[in-house]
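Novice: Before I ask anything, here is the structure I am working with.
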Amino acid sequence: MLAGVSDAIRDDARKSLPNYPEQNIQTVHNHINLKKHLDGLMARGVAREKLGLDVRSFIVGNVGRLHPDKDQGTLIDAFALALPKMPSAKLVIIGEGRLKGELEKLISSLGCEQHVILLGRVEDAWRYYKAFDVFALSSYYEPFGMVLLEAMAAEIPVICSDCGGGAEVVGDKGLLFSVGDKKDLGGCLAKVFDEGEESRKAMSANLMARLIENFTDEAVRELFLKLPFVKDELV
């Protein structure tokens, strides 16, 4: 039996192993302990204070290593395009990686030094997610996207590229944009900003419901026990 963390990975495995029984390659999604996450989250004001963020700013958050797969360059470009429509906004990127210097040059070339913050590594970054008004994942390649579950658990809106596992996690409850398309992503950022707090709360509630139904420890355990080869073993 082989398991992929998303249908996208499962399907890739089936294509790569044409002689392996298809029914023995299934999806077992990544999942989280929701209670642990809820207990560990900092309140919005506390998280912002610890990260040094202005309580009045509209914060777009991103968490991930600074790597081509995560494509923060497109996110920065998109944020710069949307910035005239959301002048109070700041983009906060948590993570380290080899592209730091390249991203710093991009930020400077766009004149966004006062609006884009590269925070570097933050221990237990998931605890700070309530500091964000929206979470944006710009990945060029994403097998699943645990950070998406963390954002959903923090009850904040999510924007994600339509890549493999990421799109599968968000489904139709968040906003998806075409991979690498800065104009599409910029439009999503402006949309979340323009539609206001009540719309953001509604999106967050829908994402939380999707998380509970599909990606908690309990939900994945229940689905796992229904897989054909598991059911056969239990009989």
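Ligands are numbered from 1 in the order shown, residues from 1 within each chain, and chains are lettered A, B, ... in the order they appear in the structure tokens.
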If you count only C-alpha atoms, which residues fall within 9 Å of stretch 178-189 of chain A, apart from same-chain ones fewer than 4 positions away, as a ChimeraX atom specification?
Specialist: /A:60,71,74-83,86,134,136,138-141,159-163,193-194
Novice: Kindly export the residues of the current selection with C-alpha atoms, as a PDB file, in the first residue's frame.
Specialist:
```pdb
ATOM      1  CA  VAL A  60      -1.065  39.943   4.274  1.00  0.00           C
ATOM      2  CA  ASP A  71       7.484  31.753  -5.367  1.00  0.00           C
ATOM      3  CA  THR A  74       5.212  36.612  -7.484  1.00  0.00           C
ATOM      4  CA  LEU A  75       3.550  37.429  -4.163  1.00  0.00           C
ATOM      5  CA  ILE A  76       5.682  40.548  -3.732  1.00  0.00           C
ATOM      6  CA  ASP A  77       4.985  41.643  -7.315  1.00  0.00           C
ATOM      7  CA  ALA A  78       1.260  41.063  -6.822  1.00  0.00           C
ATOM      8  CA  PHE A  79       1.239  42.946  -3.532  1.00  0.00           C
ATOM      9  CA  ALA A  80       2.935  45.926  -5.194  1.00  0.00           C
ATOM     10  CA  LEU A  81       0.254  45.923  -7.907  1.00  0.00           C
ATOM     11  CA  ALA A  82      -2.541  45.848  -5.326  1.00  0.00           C
ATOM     12  CA  LEU A  83      -0.966  48.344  -2.918  1.00  0.00           C
ATOM     13  CA  MET A  86      -5.004  49.064  -0.069  1.00  0.00           C
ATOM     14  CA  VAL A 134      -5.348  37.217   5.073  1.00  0.00           C
ATOM     15  CA  ALA A 136      -1.496  34.101   0.835  1.00  0.00           C
ATOM     16  CA  SER A 138       1.997  31.713  -3.813  1.00  0.00           C
ATOM     17  CA  SER A 139       3.680  28.343  -4.363  1.00  0.00           C
ATOM     18  CA  TYR A 140       4.763  27.248  -7.821  1.00  0.00           C
ATOM     19  CA  TYR A 141       4.771  23.660  -6.522  1.00  0.00           C
ATOM     20  CA  ILE A 159      -5.595  32.886  -1.038  1.00  0.00           C
ATOM     21  CA  CYS A 160      -3.695  30.094  -2.774  1.00  0.00           C
ATOM     22  CA  SER A 161      -2.196  29.327  -6.160  1.00  0.00           C
ATOM     23  CA  ASP A 162      -4.069  26.645  -8.071  1.00  0.00           C
ATOM     24  CA  CYS A 163      -1.184  24.212  -7.763  1.00  0.00           C
ATOM     25  CA  PHE A 193      -9.339  43.983   1.204  1.00  0.00           C
ATOM     26  CA  ASP A 194     -12.253  45.695  -0.577  1.00  0.00           C
TER      27      ASP A 194
END
```
Novice: What residues in stretch 28-132 of chain A get the DSSP label alpha helix (DSSP H)? Please answer as JSON, numbers by chain.
Specialist: {"A": [34, 35, 36, 37, 38, 39, 40, 44, 45, 46, 47, 48, 49, 50, 51, 72, 73, 74, 75, 76, 77, 78, 79, 80, 81, 82, 100, 101, 102, 103, 104, 105, 106, 107, 108, 109]}
Novice: Nearest to A:Leu137 among A:Glu155, A:Glu123, A:Asp69, A:Glu218, with distances taken over only C-alpha atoms: which residue is it?
Specialist: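 Closest candidate: A:Asp69.
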Novice: A:Arg10, A:His31, A:Ile117, A:Asn19: which is nearest A:Ile212, counting only C-alpha atoms?
Specialist: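 With only C-alpha atoms as the atom set, the closest residue is A:His31.
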Novice: Using only C-alpha atoms, find the one residue out of A:Leu110, A:Leu91, A:Leu2, A:Leu149 that sits nearest to A:Asp217.
Specialist: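 Closest residue, counting only C-alpha atoms: A:Leu149.
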Novice: Given only C-alpha atoms as the basis, pick out the residue of A:Gly73, A:Val92, A:Gly45, A:Leu176 nearest to A:Ser109.
Specialist: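 Of A:Gly73, A:Val92, A:Gly45, A:Leu176, the one nearest A:Ser109 is A:Gly73, counting only C-alpha atoms.
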Novice: Quick one: of A:Leu211, A:Ile156, A:Ile59, A:Ala167, who's nearest to A:His115, counting only C-alpha atoms?
Specialist: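 Of the candidates, the smallest distance to A:His115 is held by A:Ile59.
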Novice: To one decimal place, how far is atom CA of A:Tyr128 from atom CA of A:Met42 in Å?
Specialist: 5.9 Å
Novice: Near A:Arg44, within 9 Å and counting only C-alpha atoms, which residues show up once chain neighbours fewer than 4 positions away are dropped, as a count of residues only?
Specialist: 8
Novice: Find the residues around A:Gly4 up to 10 Å (only C-alpha atoms counted), leave out those fewer than 2 positions away in its own chain, and share them as a list in words.
Specialist: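 My reading of the contact set: Leu2, Ser6, Asp7, Ala8, Ile9, Arg10, Asp11, Asp12, Ala13, Ile25, Gln26, Thr27, Val28, His29, Asn30, Pro143 and Phe144 of chain A.
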Novice: Nearest residue to A:Asp54 out of A:Ser108, A:Thr216, A:Ser88, A:Ser204, using only C-alpha atoms?
Specialist: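 With only C-alpha atoms as the atom set, the closest residue is A:Ser88.
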Novice: Any chance you could list, as a VMD selection string, the residues in stretch 10-192 of chain A that come up strand (DSSP E or B) when DSSP is run on the backbone?
Specialist: chain A and resid 25 to 27 32 58 to 63 89 to 94 116 to 120 134 to 137 158 to 161 175 to 177
Novice: Would you mind reading off the distance between atom CA of A:Ala190 and atom CA of A:Lys85, one decimal, in Å?
Specialist: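 So the answer is 6.4 Å.
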Novice: Write out as JSON, numbers by chain which residues come within 12 Å of A:Lys36 when counting only C-alpha atoms, dropping same-chain ones fewer than 6 positions away.
Specialist: {"A": [126, 127, 150, 153, 154, 216, 217]}
Novice: Do you have the atom CA of A:Gly120-atom CA of A:Leu53 distance handy?
Specialist: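 Atom-to-atom, atom CA of A:Gly120 to atom CA of A:Leu53, that is 14.2 Å.
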Novice: Set the distance at 7 Å and use only C-alpha atoms: which residues neighbour A:Ile93 once local chain neighbours fewer than 6 positions away are removed? I'd like the list as a PDB file with all heavy atoms, in the first residue's frame.
Specialist:
```
ATOM      1  N   GLY A  61      -0.209  37.841   5.163  1.00  0.00           N
ATOM      2  CA  GLY A  61       0.818  36.965   5.708  1.00  0.00           C
ATOM      3  C   GLY A  61       1.202  35.842   4.779  1.00  0.00           C
ATOM      4  O   GLY A  61       0.387  35.352   3.990  1.00  0.00           O
ATOM      5  N   ASN A  62       2.467  35.449   4.862  1.00  0.00           N
ATOM      6  CA  ASN A  62       2.975  34.292   4.128  1.00  0.00           C
ATOM      7  C   ASN A  62       4.018  33.625   5.017  1.00  0.00           C
ATOM      8  O   ASN A  62       4.827  34.307   5.629  1.00  0.00           O
ATOM      9  CB  ASN A  62       3.602  34.717   2.798  1.00  0.00           C
ATOM     10  CG  ASN A  62       4.327  33.580   2.084  1.00  0.00           C
ATOM     11  OD1 ASN A  62       5.500  33.342   2.309  1.00  0.00           O
ATOM     12  ND2 ASN A  62       3.618  32.911   1.191  1.00  0.00           N
ATOM     13  N   VAL A  63       3.978  32.293   5.085  1.00  0.00           N
ATOM     14  CA  VAL A  63       4.950  31.548   5.872  1.00  0.00           C
ATOM     15  C   VAL A  63       5.524  30.444   5.003  1.00  0.00           C
ATOM     16  O   VAL A  63       4.776  29.640   4.431  1.00  0.00           O
ATOM     17  CB  VAL A  63       4.306  30.945   7.143  1.00  0.00           C
ATOM     18  CG1 VAL A  63       5.329  30.115   7.921  1.00  0.00           C
ATOM     19  CG2 VAL A  63       3.726  32.035   8.037  1.00  0.00           C
ATOM     20  N   ILE A 117       7.798  43.191   4.688  1.00  0.00           N
ATOM     21  CA  ILE A 117       8.668  42.858   5.812  1.00  0.00           C
ATOM     22  C   ILE A 117       9.074  41.394   5.725  1.00  0.00           C
ATOM     23  O   ILE A 117       8.216  40.499   5.749  1.00  0.00           O
ATOM     24  CB  ILE A 117       7.958  43.114   7.158  1.00  0.00           C
ATOM     25  CG1 ILE A 117       7.460  44.558   7.233  1.00  0.00           C
ATOM     26  CG2 ILE A 117       8.878  42.788   8.326  1.00  0.00           C
ATOM     27  CD1 ILE A 117       6.512  44.818   8.393  1.00  0.00           C
ATOM     28  N   LEU A 118      10.373  41.138   5.626  1.00  0.00           N
ATOM     29  CA  LEU A 118      10.899  39.779   5.686  1.00  0.00           C
ATOM     30  C   LEU A 118      11.338  39.533   7.126  1.00  0.00           C
ATOM     31  O   LEU A 118      12.364  40.032   7.569  1.00  0.00           O
ATOM     32  CB  LEU A 118      12.079  39.613   4.722  1.00  0.00           C
ATOM     33  CG  LEU A 118      11.819  39.906   3.241  1.00  0.00           C
ATOM     34  CD1 LEU A 118      13.088  39.665   2.426  1.00  0.00           C
ATOM     35  CD2 LEU A 118      10.679  39.055   2.699  1.00  0.00           C
ATOM     36  N   LEU A 119      10.543  38.774   7.844  1.00  0.00           N
ATOM     37  CA  LEU A 119      10.786  38.596   9.276  1.00  0.00           C
ATOM     38  C   LEU A 119      11.815  37.516   9.599  1.00  0.00           C
ATOM     39  O   LEU A 119      12.275  37.424  10.731  1.00  0.00           O
ATOM     40  CB  LEU A 119       9.475  38.250  10.001  1.00  0.00           C
ATOM     41  CG  LEU A 119       8.574  39.419  10.373  1.00  0.00           C
ATOM     42  CD1 LEU A 119       7.333  38.911  11.106  1.00  0.00           C
ATOM     43  CD2 LEU A 119       9.300  40.426  11.248  1.00  0.00           C
TER      44      LEU A 119
END
```
